[in-house]
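Novice: Just one file: my_file-v1.cif, with mmCIF, C-alpha atoms.
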data_query
#
loop_
_atom_site.label_atom_id
_atom_site.label_comp_id
_atom_site.auth_asym_id
_atom_site.auth_seq_id
_atom_site.Cartn_x
_atom_site.Cartn_y
_atom_site.Cartn_z
CA MET X 1 -91.11 21.22 -187.10
CA THR X 2 -94.40 22.49 -188.58
CA THR X 3 -97.18 23.61 -186.24
CA ILE X 4 -100.68 22.68 -187.43
CA ILE X 5 -103.58 24.79 -186.17
CA ARG X 6 -106.54 22.43 -185.76
CA SER X 7 -109.04 24.69 -183.95
CA PRO X 8 -111.21 26.71 -186.40
CA PHE X 9 -111.77 29.32 -183.67
CA LEU X 10 -108.06 29.75 -183.09
CA LEU X 11 -107.45 29.90 -186.85
CA ALA X 12 -110.08 32.63 -187.21
CA ALA X 13 -108.46 34.62 -184.43
CA LEU X 14 -104.99 34.32 -185.92
CA LEU X 15 -105.99 34.85 -189.55
CA PRO X 16 -105.55 38.68 -189.57
CA PHE X 17 -102.06 38.30 -188.10
CA LEU X 18 -101.13 35.58 -190.60
CA ILE X 19 -102.30 37.75 -193.49
CA ALA X 20 -100.35 40.75 -192.15
CA ALA X 21 -97.20 38.66 -191.76
CA ALA X 22 -97.52 37.28 -195.29
CA TRP X 23 -98.04 40.77 -196.72
CA ALA X 24 -95.03 42.12 -194.84
CA GLY X 25 -92.91 39.27 -196.14
CA ALA X 26 -94.02 39.89 -199.71
CA GLN X 27 -93.26 43.60 -199.35
CA ALA X 28 -89.78 42.87 -198.01
CA GLN X 29 -89.04 40.55 -200.94
CA SER X 30 -90.33 43.02 -203.55
CA ALA X 31 -88.64 46.07 -202.03
CA LYS X 32 -85.63 47.12 -204.08
CA PRO X 33 -82.89 49.56 -203.12
CA ALA X 34 -83.02 52.89 -204.90
CA ALA X 35 -81.22 52.80 -208.23
CA LYS X 36 -77.80 54.40 -208.33
CA GLN X 37 -77.67 57.55 -210.46
CA ALA X 38 -75.15 58.63 -213.08
CA ILE X 39 -74.67 62.37 -213.56
CA ALA X 40 -72.91 63.49 -216.74
CA HIS X 41 -70.23 65.90 -215.53
CA ARG X 42 -70.58 68.89 -217.88
CA GLY X 43 -72.15 66.38 -220.27
CA ALA X 44 -70.14 63.41 -221.53
CA SER X 45 -67.12 65.67 -221.23
CA GLY X 46 -64.60 62.87 -221.66
CA TYR X 47 -65.66 62.61 -225.29
CA ALA X 48 -66.92 66.05 -226.36
CA PRO X 49 -66.36 69.69 -225.32
CA GLU X 50 -67.78 70.31 -221.86
CA HIS X 51 -71.24 71.88 -221.75
CA SER X 52 -71.65 71.60 -225.51
CA ALA X 53 -74.83 70.31 -227.10
CA ALA X 54 -72.75 67.41 -228.43
CA ALA X 55 -71.62 66.46 -224.91
CA TYR X 56 -75.19 66.62 -223.60
CA ARG X 57 -76.63 64.53 -226.44
CA LEU X 58 -73.91 61.93 -226.10
CA ALA X 59 -74.54 61.67 -222.36
CA ILE X 60 -78.22 61.01 -223.03
CA THR X 61 -77.28 58.35 -225.58
CA GLN X 62 -75.07 56.76 -222.92
CA ARG X 63 -78.13 56.35 -220.65
CA VAL X 64 -77.21 58.97 -218.09
CA ASP X 65 -79.75 59.85 -215.38
CA PHE X 66 -78.86 63.55 -215.17
CA VAL X 67 -76.93 66.08 -217.24
CA GLU X 68 -75.08 68.76 -215.29
CA GLN X 69 -75.15 72.48 -216.10
CA ASP X 70 -72.66 74.84 -214.45
CA LEU X 71 -74.16 78.31 -214.68
CA GLY X 72 -72.51 81.65 -215.38
CA VAL X 73 -74.11 85.06 -215.95
CA THR X 74 -73.42 87.31 -218.93
CA ARG X 75 -73.28 91.10 -218.79
CA ASP X 76 -76.92 91.25 -219.93
CA ASN X 77 -78.03 88.85 -217.18
CA GLN X 78 -78.38 85.69 -219.26
CA LEU X 79 -77.56 82.33 -217.69
CA ILE X 80 -75.15 80.28 -219.79
CA CYS X 81 -73.61 76.85 -219.30
CA ILE X 82 -69.93 77.17 -218.49
CA HIS X 83 -67.82 75.82 -215.65
CA ASP X 84 -65.24 78.59 -215.23
CA ASP X 85 -65.95 82.16 -214.19
CA THR X 86 -63.78 83.14 -217.16
CA LEU X 87 -63.87 82.30 -220.86
CA GLU X 88 -60.27 81.76 -221.92
CA ARG X 89 -59.85 78.05 -221.08
CA THR X 90 -62.72 76.73 -223.20
CA THR X 91 -63.16 79.37 -225.91
CA ASN X 92 -61.09 81.49 -228.31
CA ILE X 93 -61.97 84.70 -226.46
CA ALA X 94 -58.32 85.82 -226.53
CA ASP X 95 -58.43 85.84 -230.34
CA VAL X 96 -61.87 87.41 -230.73
CA PHE X 97 -61.56 90.06 -228.00
CA PRO X 98 -57.79 90.35 -227.36
CA ASP X 99 -58.03 93.83 -225.82
CA ARG X 100 -60.89 93.14 -223.42
CA ALA X 101 -59.24 91.05 -220.72
CA SER X 102 -60.84 91.68 -217.34
CA PRO X 103 -58.69 93.52 -214.79
CA ASP X 104 -58.07 92.31 -211.24
CA VAL X 105 -59.36 88.76 -211.69
CA GLU X 106 -58.48 86.37 -208.90
CA SER X 107 -57.42 83.06 -210.43
CA ARG X 108 -55.21 80.09 -209.67
CA THR X 109 -53.94 80.14 -213.25
CA PRO X 110 -51.49 82.80 -214.46
CA GLY X 111 -52.06 85.07 -217.43
CA LYS X 112 -54.94 87.17 -218.70
CA HIS X 113 -58.55 86.35 -217.93
CA TRP X 114 -61.86 87.27 -219.52
CA LEU X 115 -64.81 87.19 -217.10
CA VAL X 116 -68.06 85.77 -218.44
CA ASN X 117 -69.86 88.67 -216.80
CA ASP X 118 -67.97 91.24 -218.87
CA PHE X 119 -69.53 90.01 -222.14
CA THR X 120 -73.06 90.04 -223.51
CA LEU X 121 -74.75 86.90 -224.75
CA ALA X 122 -74.43 88.14 -228.33
CA GLU X 123 -70.67 88.48 -227.85
CA VAL X 124 -70.39 85.06 -226.20
CA ARG X 125 -72.19 83.50 -229.17
CA ARG X 126 -69.34 84.64 -231.42
CA LEU X 127 -66.88 82.40 -229.57
CA ASP X 128 -65.67 78.98 -230.64
CA ALA X 129 -66.14 76.65 -227.66
CA GLY X 130 -65.08 73.40 -229.28
CA LYS X 131 -61.81 73.66 -231.17
CA TRP X 132 -59.79 73.71 -227.91
CA PHE X 133 -61.02 70.15 -227.24
CA LYS X 134 -60.51 68.64 -230.71
CA PRO X 135 -60.36 70.21 -234.18
CA GLU X 136 -63.48 68.33 -235.31
CA PHE X 137 -65.54 70.30 -232.75
CA ALA X 138 -64.58 73.67 -234.22
CA GLY X 139 -67.55 76.02 -234.42
CA THR X 140 -69.22 74.71 -231.26
CA ARG X 141 -71.08 77.43 -229.35
CA LEU X 142 -71.78 77.82 -225.65
CA GLN X 143 -75.35 77.04 -224.64
CA THR X 144 -77.74 79.15 -222.64
CA PHE X 145 -79.41 77.49 -219.67
CA GLN X 146 -82.70 77.68 -221.57
CA GLU X 147 -81.18 75.86 -224.55
CA ALA X 148 -79.85 73.17 -222.22
CA ILE X 149 -83.29 72.75 -220.63
CA ASP X 150 -84.92 72.39 -224.05
CA LEU X 151 -82.31 69.87 -225.21
CA VAL X 152 -82.64 67.60 -222.17
CA ARG X 153 -86.41 67.93 -221.91
CA ALA X 154 -86.73 66.40 -225.39
CA THR X 155 -85.83 63.03 -223.79
CA PRO X 156 -88.38 62.33 -221.02
CA GLY X 157 -86.90 60.69 -217.95
CA VAL X 158 -83.50 62.37 -218.16
CA GLY X 159 -82.96 65.12 -215.59
CA ILE X 160 -80.93 68.29 -215.27
CA TYR X 161 -78.50 69.03 -212.43
CA PRO X 162 -77.69 72.77 -212.50
CA GLU X 163 -75.00 74.26 -210.28
CA LEU X 164 -75.10 77.83 -209.04
CA LYS X 165 -71.49 78.83 -209.66
CA SER X 166 -69.89 81.70 -207.77
CA PRO X 167 -73.03 83.50 -206.55
CA GLN X 168 -70.85 85.67 -204.31
CA LEU X 169 -68.83 86.87 -207.30
CA TYR X 170 -72.00 88.00 -209.03
CA LYS X 171 -73.35 89.50 -205.82
CA SER X 172 -70.22 91.68 -205.63
CA ARG X 173 -71.18 92.98 -209.08
CA GLY X 174 -74.77 93.73 -208.09
CA ILE X 175 -76.23 90.59 -209.69
CA ASP X 176 -78.51 88.14 -207.87
CA GLN X 177 -77.67 84.86 -209.60
CA VAL X 178 -80.13 82.90 -207.46
CA THR X 179 -83.05 85.12 -208.48
CA LEU X 180 -82.14 84.82 -212.16
CA PHE X 181 -82.03 81.05 -211.76
CA VAL X 182 -85.32 80.81 -209.88
CA ASP X 183 -87.00 82.92 -212.55
CA VAL X 184 -85.91 80.52 -215.31
CA ILE X 185 -87.05 77.50 -213.32
CA ARG X 186 -90.47 79.04 -212.69
CA LYS X 187 -90.82 80.31 -216.25
CA ASN X 188 -90.42 76.72 -217.45
CA GLY X 189 -92.60 75.27 -214.70
CA LEU X 190 -89.77 72.93 -213.70
CA GLU X 191 -90.66 73.10 -210.01
CA LYS X 192 -94.11 71.59 -210.57
CA PRO X 193 -94.62 67.93 -209.61
CA GLU X 194 -95.95 66.96 -213.04
CA SER X 195 -92.83 68.44 -214.66
CA LEU X 196 -90.46 66.81 -212.18
CA GLU X 197 -91.93 63.41 -213.06
CA LYS X 198 -90.92 63.90 -216.69
CA MET X 199 -87.66 65.79 -216.18
CA PRO X 200 -86.21 65.57 -212.67
CA VAL X 201 -84.26 68.58 -211.42
CA ILE X 202 -81.63 68.65 -208.67
CA ILE X 203 -79.91 71.90 -207.70
CA GLN X 204 -76.33 72.02 -206.37
CA SER X 205 -73.93 74.62 -205.02
CA PHE X 206 -70.88 75.05 -202.80
CA ASP X 207 -72.53 78.23 -201.53
CA GLU X 208 -74.63 77.63 -198.42
CA ASP X 209 -76.56 80.88 -198.76
CA ALA X 210 -77.58 79.92 -202.28
CA ILE X 211 -78.85 76.50 -201.15
CA ARG X 212 -80.78 78.08 -198.29
CA SER X 213 -82.36 80.59 -200.69
CA VAL X 214 -83.38 77.89 -203.14
CA ALA X 215 -84.87 75.86 -200.27
CA ARG X 216 -87.21 78.77 -199.59
CA GLU X 217 -87.96 79.68 -203.21
CA LEU X 218 -88.18 76.20 -204.76
CA PRO X 219 -89.03 73.78 -201.95
CA THR X 220 -90.22 71.02 -204.31
CA ILE X 221 -86.78 70.64 -205.93
CA PRO X 222 -84.03 68.58 -204.24
CA ARG X 223 -80.97 70.56 -203.15
CA VAL X 224 -77.43 69.20 -202.82
CA PHE X 225 -74.66 70.91 -200.89
CA LEU X 226 -71.24 70.49 -202.52
CA THR X 227 -68.11 70.36 -200.41
CA SER X 228 -64.43 69.49 -200.46
CA LYS X 229 -64.02 70.03 -196.70
CA ASP X 230 -63.66 67.30 -194.09
CA GLU X 231 -65.44 69.43 -191.50
CA ASP X 232 -68.64 69.33 -193.57
CA VAL X 233 -69.09 65.58 -193.01
CA THR X 234 -68.98 65.57 -189.21
CA GLU X 235 -72.10 64.45 -187.35
CA VAL X 236 -72.94 67.94 -186.12
CA ARG X 237 -72.46 69.52 -189.54
CA VAL X 238 -74.44 66.83 -191.35
CA ARG X 239 -77.40 67.39 -189.02
CA GLU X 240 -77.18 71.13 -189.73
CA LEU X 241 -77.06 70.59 -193.51
CA ALA X 242 -80.14 68.37 -193.31
CA LYS X 243 -82.16 71.39 -192.16
CA PHE X 244 -81.98 73.00 -195.62
CA SER X 245 -80.45 70.42 -198.00
CA THR X 246 -81.77 67.12 -199.27
CA GLY X 247 -78.32 65.79 -200.14
CA ILE X 248 -74.60 66.26 -199.64
CA ALA X 249 -71.94 65.87 -202.34
CA PRO X 250 -68.40 65.63 -200.97
CA ASP X 251 -65.29 65.30 -203.10
CA LYS X 252 -64.50 61.60 -203.42
CA VAL X 253 -61.26 62.03 -201.46
CA VAL X 254 -63.28 63.30 -198.50
CA ILE X 255 -65.53 60.23 -198.63
CA ALA X 256 -62.51 57.95 -198.93
CA ARG X 257 -61.05 59.53 -195.77
CA HIS X 258 -64.37 59.35 -193.94
CA PRO X 259 -66.36 56.40 -195.33
CA GLU X 260 -68.53 56.37 -192.19
CA MET X 261 -70.06 59.66 -193.34
CA VAL X 262 -72.24 57.84 -195.86
CA LYS X 263 -74.30 56.13 -193.15
CA ARG X 264 -74.23 59.31 -191.08
CA ALA X 265 -75.74 61.29 -193.97
CA HIS X 266 -78.30 58.59 -194.77
CA ASP X 267 -79.37 58.48 -191.12
CA ALA X 268 -79.93 62.24 -191.32
CA GLY X 269 -82.12 61.80 -194.40
CA LEU X 270 -79.54 63.08 -196.90
CA THR X 271 -78.52 61.48 -200.17
CA VAL X 272 -74.79 61.15 -200.84
CA THR X 273 -73.27 62.07 -204.20
CA SER X 274 -69.58 62.36 -205.14
CA TRP X 275 -67.28 63.75 -207.83
CA THR X 276 -65.51 63.49 -210.23
CA PHE X 277 -64.84 60.09 -211.82
CA ARG X 278 -62.63 60.22 -214.91
CA ALA X 279 -61.03 57.56 -217.07
CA ASP X 280 -57.94 59.71 -217.63
CA GLU X 281 -57.15 60.10 -213.91
CA LYS X 282 -54.60 57.80 -212.29
CA THR X 283 -56.03 56.12 -209.21
CA SER X 284 -55.44 52.91 -207.25
CA PHE X 285 -58.28 51.23 -209.19
CA PRO X 286 -57.71 49.29 -212.43
CA THR X 287 -60.39 51.28 -214.28
CA VAL X 288 -62.77 54.16 -213.65
CA ARG X 289 -65.60 51.60 -213.73
CA ASP X 290 -63.99 49.78 -210.81
CA GLU X 291 -63.54 53.04 -208.94
CA MET X 292 -67.17 54.01 -209.43
CA SER X 293 -68.31 50.53 -208.40
CA HIS X 294 -66.35 50.80 -205.15
CA PHE X 295 -67.94 54.10 -204.19
CA LEU X 296 -71.44 53.08 -205.25
CA TYR X 297 -71.68 49.50 -203.99
CA THR X 298 -69.00 49.15 -201.31
CA LEU X 299 -69.15 52.58 -199.69
CA GLY X 300 -72.83 52.95 -200.52
CA ILE X 301 -73.12 56.40 -202.10
CA ASP X 302 -76.24 57.13 -204.13
CA ALA X 303 -74.93 58.95 -207.19
CA LEU X 304 -71.81 60.33 -208.79
CA PHE X 305 -70.54 62.74 -211.40
CA THR X 306 -68.54 61.22 -214.24
CA ASN X 307 -66.99 62.40 -217.49
CA HIS X 308 -67.61 58.91 -218.89
CA PRO X 309 -71.26 57.90 -218.43
CA ASP X 310 -70.77 54.85 -220.65
CA GLN X 311 -68.49 53.39 -217.95
CA PHE X 312 -71.08 53.74 -215.16
CA PRO X 313 -71.51 50.33 -213.45
CA ARG X 314 -75.20 49.49 -213.27
CA ARG X 315 -76.45 46.44 -211.39
#
Just give me the structure as structure tokens.
Specialist:
Amino acid sequence: MTTIIRSPFLLAALLPFLIAAAWAGAQAQSAKPAAKQAIAHRGASGYAPEHSAAAYRLAITQRVDFVEQDLGVTRDNQLICIHDDTLERTTNIADVFPDRASPDVESRTPGKHWLVNDFTLAEVRRLDAGKWFKPEFAGTRLQTFQEAIDLVRATPGVGIYPELKSPQLYKSRGIDQVTLFVDVIRKNGLEKPESLEKMPVIIQSFDEDAIRSVARELPTIPRVFLTSKDEDVTEVRVRELAKFSTGIAPDKVVIARHPEMVKRAHDAGLTVTSWTFRADEKTSFPTVRDEMSHFLYTLGIDALFTNHPDQFPRR
């Protein structure tokens, strides 16, 4: 039943409320949920050597939102893009410097190890970082963080997602990895609002002290706390993380065990990101696209790391 307002005086009195209601309705219809974000895990590392320029460029071609950079520190205090603390898995260091294995390295893998921090940037540049992946990538070199910044910045709109790897390891060697990182960010002006509009930056780490330090030094840049621990997604812990982080990134198995943590984190003002989604991993899902879709649209996370950005399910 439609109510007709016949009195001009009553209509005049109600007009502001009618306009406000119509505006609110229009806003509700036009409001869209934030777009889900694809983060290229070490670049498009399912198709090219991780952290190589080829993997980064391919990720950008595959319409990724962010490209990840794991950061290590060379002996001469240069930040380079490499996941491991050591060089032997993804380079031919054992062939180039066979007699310079690092002593007393703690590692889950047996055998000799060559710490990144025991080699200068000039020495690292001599290493082949591609042949291990496929012969056609022979001759690939590791990138510096600065080279990665320059590569991604050439495509406006694509962001970088650096991770401070093992800051405590470097601290034990008298190196402040966080300070080195902050200096590069400031040198490039990446913390400035006008820069962040063109190339977004999100910082991540498993190390709470590192995230707290970055919160003080670079308050304009979002900060994500990485975890593989169930105790980090409890209500009390999430509220604590929200004091210095802008997001939380649990391992996907943690989220699967505690799907209620997504709402808990959102209620605390944190974004939720997860890792790592790979086409070559056996899961209960038919494809990695289906797995990603479940976490993004059923469980409601905001972003994820994937080795296969071309499989990211956008809606």
Novice: Starting from the PyMOL selection byres ((chain X and resi 280) around 12), expand the selection into actual residues of this file and give them as a ChimeraX atom specification.
Specialist: /X:45-47,276-279,281-283,285-289,306-308
Novice: Using the chain letters and numbers from the file, give me the residues hit by the PyMOL selection byres ((chain X and resi 273) around 6), as a list of chain:residue names.
Specialist: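 The output of the PyMOL selection byres ((chain X and resi 273) around 6) on this file is X:Ala249, X:Val272, X:Ser274, X:Asp302, X:Ala303, X:Leu304.
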Novice: Next, write the just-selected residues to a file, as a CSV table (one decimal), keeping the file's coordinate frame, keeping C-alpha atoms as the atom set.
Specialist:
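Written out: result-v5.csv:
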chain,number,residue,atom,x,y,z
X,249,ALA,CA,-71.9,65.9,-202.3
X,272,VAL,CA,-74.8,61.2,-200.8
X,274,SER,CA,-69.6,62.4,-205.1
X,302,ASP,CA,-76.2,57.1,-204.1
X,303,ALA,CA,-74.9,59.0,-207.2
X,304,LEU,CA,-71.8,60.3,-208.8
Novice: Give the answer as one residue: which of X:Ile203, X:Met292, X:Leu241, X:Val116 has the shortest atom-to-atom distance to Arg223 (chain X), using all atoms listed in the file?
Specialist: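 Looking at the shortest contact to Arg223 (chain X), the residue is X:Ile203.
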Novice: I'd like the contact shell of Asp232 (chain X) - 12 Å cut-off, only C-alpha atoms, skipping same-chain residues fewer than 6 positions apart - returned as a ChimeraX atom specification.
Specialist: /X:206,208,225-226,238-242,248-251,254-255,258,261,264-265
Novice: So, with only C-alpha atoms as the atoms that count, which of X:Val201, X:Ala44, X:Ala215, X:Leu180 lies closest to Arg57 (chain X)?
Specialist: X:Ala44
Novice: Around the point (-73.8, 75.0, -205.8) (coordinates from the file), which residues reach within 12 Å if we count only C-alpha atoms? Answer as a short mmCIF file (atom, residue, chain, number, x, y, z; two decimals) with C-alpha atoms, in the frame of the given file.
Specialist:
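And here is the file that came out, part00.cif:
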data_model
loop_
_atom_site.label_atom_id
_atom_site.label_comp_id
_atom_site.auth_asym_id
_atom_site.auth_seq_id
_atom_site.Cartn_x
_atom_site.Cartn_y
_atom_site.Cartn_z
CA GLU X 68 -75.08 68.76 -215.29
CA GLN X 69 -75.15 72.48 -216.10
CA ASP X 70 -72.66 74.84 -214.45
CA LEU X 71 -74.16 78.31 -214.68
CA GLY X 72 -72.51 81.65 -215.38
CA HIS X 83 -67.82 75.82 -215.65
CA TYR X 161 -78.50 69.03 -212.43
CA PRO X 162 -77.69 72.77 -212.50
CA GLU X 163 -75.00 74.26 -210.28
CA LEU X 164 -75.10 77.83 -209.04
CA LYS X 165 -71.49 78.83 -209.66
CA SER X 166 -69.89 81.70 -207.77
CA PRO X 167 -73.03 83.50 -206.55
CA GLN X 168 -70.85 85.67 -204.31
CA GLN X 177 -77.67 84.86 -209.60
CA VAL X 178 -80.13 82.90 -207.46
CA PHE X 181 -82.03 81.05 -211.76
CA ILE X 202 -81.63 68.65 -208.67
CA ILE X 203 -79.91 71.90 -207.70
CA GLN X 204 -76.33 72.02 -206.37
CA SER X 205 -73.93 74.62 -205.02
CA PHE X 206 -70.88 75.05 -202.80
CA ASP X 207 -72.53 78.23 -201.53
CA GLU X 208 -74.63 77.63 -198.42
CA ASP X 209 -76.56 80.88 -198.76
CA ALA X 210 -77.58 79.92 -202.28
CA ILE X 211 -78.85 76.50 -201.15
CA ARG X 212 -80.78 78.08 -198.29
CA SER X 213 -82.36 80.59 -200.69
CA VAL X 214 -83.38 77.89 -203.14
CA ARG X 223 -80.97 70.56 -203.15
CA VAL X 224 -77.43 69.20 -202.82
CA PHE X 225 -74.66 70.91 -200.89
CA LEU X 226 -71.24 70.49 -202.52
CA THR X 227 -68.11 70.36 -200.41
CA SER X 245 -80.45 70.42 -198.00
CA GLY X 247 -78.32 65.79 -200.14
CA ILE X 248 -74.60 66.26 -199.64
CA ALA X 249 -71.94 65.87 -202.34
CA PRO X 250 -68.40 65.63 -200.97
#
Novice: What does the distance between CA of Asp310 (chain X) and CA of Gln62 (chain X) come to in Å, to one decimal place?
Specialist: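 CA of Gln62 (chain X) lies at a distance of 5.2 Å from CA of Asp310 (chain X).
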Novice: What does the distance from CA of Arg257 (chain X) to CA of Val236 (chain X) come to in Å, to one decimal?
Specialist: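 Straight-line distance from CA of Arg257 (chain X) to CA of Val236 (chain X) works out to 17.5 Å.
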Novice: Could you name the residues that touch Thr109 (chain X) at 12 Å or less, counting only C-alpha atoms, but leaving out those on the same chain fewer than 2 positions away, as a PyMOL selection string?
Specialist: chain X and resi 84+86+88-89+105-107+111-113
Novice: Using only C-alpha atoms, which residue out of X:Lys192, X:Lys263, X:Arg125, X:His294 lies closest to Ile80 (chain X)?
Specialist: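 Among the listed residues, X:Arg125 lies closest to Ile80 (chain X).
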Novice: So what do you get for CA of Ile39 (chain X) versus CA of Tyr56 (chain X), distance-wise?
Specialist: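 A separation of 10.9 Å between them.
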Novice: Tell me which residues come within 12 Å of (-73.5, 67.4, -230.0), as a list in words, counting all atoms listed in the file in the file's coordinates.
Specialist: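 In the file's frame, the residues around the point are Gly43, Ala44, Ser45, Tyr47, Ala48, Pro49, Glu50, His51, Ser52, Ala53, Ala54, Ala55, Tyr56, Arg57, Leu58, Ala59, Ile60, Thr61, Gly130, Glu136, Phe137, Ala138, Gly139, Thr140, Arg141, Leu142, Gln143, Ala148 and Leu151 of chain X.
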Novice: For the selection you just gave me, I'd like the residues written to a file as a short mmCIF file (atom, residue, chain, number, x, y, z; two decimals), in the coordinates of the input, keeping C-alpha atoms.
Specialist:
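Output file out26.cif follows:
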data_model
loop_
_atom_site.label_atom_id
_atom_site.label_comp_id
_atom_site.auth_asym_id
_atom_site.auth_seq_id
_atom_site.Cartn_x
_atom_site.Cartn_y
_atom_site.Cartn_z
CA GLY X 43 -72.15 66.38 -220.27
CA ALA X 44 -70.14 63.41 -221.53
CA SER X 45 -67.12 65.67 -221.23
CA TYR X 47 -65.66 62.61 -225.29
CA ALA X 48 -66.92 66.05 -226.36
CA PRO X 49 -66.36 69.69 -225.32
CA GLU X 50 -67.78 70.31 -221.86
CA HIS X 51 -71.24 71.88 -221.75
CA SER X 52 -71.65 71.60 -225.51
CA ALA X 53 -74.83 70.31 -227.10
CA ALA X 54 -72.75 67.41 -228.43
CA ALA X 55 -71.62 66.46 -224.91
CA TYR X 56 -75.19 66.62 -223.60
CA ARG X 57 -76.63 64.53 -226.44
CA LEU X 58 -73.91 61.93 -226.10
CA ALA X 59 -74.54 61.67 -222.36
CA ILE X 60 -78.22 61.01 -223.03
CA THR X 61 -77.28 58.35 -225.58
CA GLY X 130 -65.08 73.40 -229.28
CA GLU X 136 -63.48 68.33 -235.31
CA PHE X 137 -65.54 70.30 -232.75
CA ALA X 138 -64.58 73.67 -234.22
CA GLY X 139 -67.55 76.02 -234.42
CA THR X 140 -69.22 74.71 -231.26
CA ARG X 141 -71.08 77.43 -229.35
CA LEU X 142 -71.78 77.82 -225.65
CA GLN X 143 -75.35 77.04 -224.64
CA ALA X 148 -79.85 73.17 -222.22
CA LEU X 151 -82.31 69.87 -225.21
#
Novice: Pick from X:Val233, X:Leu196, X:Leu127, X:Ile185: nearest to Thr90 (chain X), with all atoms listed in the file counted?
Specialist: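 Looking only at the distances to Thr90 (chain X), the closest residue turns out to be X:Leu127.
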Novice: Identify all residues satisfying the PyMOL selection byres ((chain X and resi 78) around 12) in the given file; provide them as a ChimeraX atom specification.
Specialist: /X:71-77,79-81,116-125,143-147,175-177,179-181,183-184
Novice: Calculated over only C-alpha atoms, which of the candidates X:Gly174, X:Pro313, X:Pro33, X:Pro200 has the smallest distance to Glu291 (chain X)?
Specialist: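 Of X:Gly174, X:Pro313, X:Pro33, X:Pro200, the one nearest Glu291 (chain X), counting only C-alpha atoms, is X:Pro313.
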Novice: Can you tell me which residues surround Phe66 (chain X) at a distance of at most 6 Å, considering all atoms listed in the file, apart from same-chain residues fewer than 2 positions away, and format the answer as a list in words?
Specialist: Ile39, Val64, Val158, Gly159 and Ile160 of chain X
Novice: Take region 60-71 of chain X, model N, CA and C atoms, and hand the result over as a compact mmCIF listing (two decimals), in the coordinates of the input.
Specialist:
# COMPACT_ATOMS: atom_id res chain seq x y z
N ILE X 60 -76.87 61.60 -222.98
CA ILE X 60 -78.22 61.01 -223.03
C ILE X 60 -78.18 59.67 -223.76
N THR X 61 -77.43 59.61 -224.85
CA THR X 61 -77.28 58.35 -225.58
C THR X 61 -76.64 57.28 -224.71
N GLN X 62 -75.76 57.69 -223.80
CA GLN X 62 -75.07 56.76 -222.92
C GLN X 62 -75.88 56.44 -221.66
N ARG X 63 -77.18 56.74 -221.68
CA ARG X 63 -78.13 56.35 -220.65
C ARG X 63 -77.86 57.01 -219.30
N VAL X 64 -77.45 58.24 -219.33
CA VAL X 64 -77.21 58.97 -218.09
C VAL X 64 -78.54 59.31 -217.43
N ASP X 65 -78.53 59.48 -216.10
CA ASP X 65 -79.75 59.85 -215.38
C ASP X 65 -79.93 61.37 -215.35
N PHE X 66 -78.81 62.09 -215.21
CA PHE X 66 -78.86 63.55 -215.17
C PHE X 66 -77.72 64.12 -216.01
N VAL X 67 -77.96 65.31 -216.55
CA VAL X 67 -76.93 66.08 -217.24
C VAL X 67 -76.68 67.35 -216.43
N GLU X 68 -75.42 67.60 -216.12
CA GLU X 68 -75.08 68.76 -215.29
C GLU X 68 -74.94 70.03 -216.11
N GLN X 69 -75.37 71.15 -215.52
CA GLN X 69 -75.15 72.48 -216.10
C GLN X 69 -74.51 73.39 -215.05
N ASP X 70 -73.24 73.77 -215.25
CA ASP X 70 -72.66 74.84 -214.45
C ASP X 70 -73.16 76.16 -215.04
N LEU X 71 -73.53 77.10 -214.17
CA LEU X 71 -74.16 78.31 -214.68
C LEU X 71 -73.34 79.56 -214.40
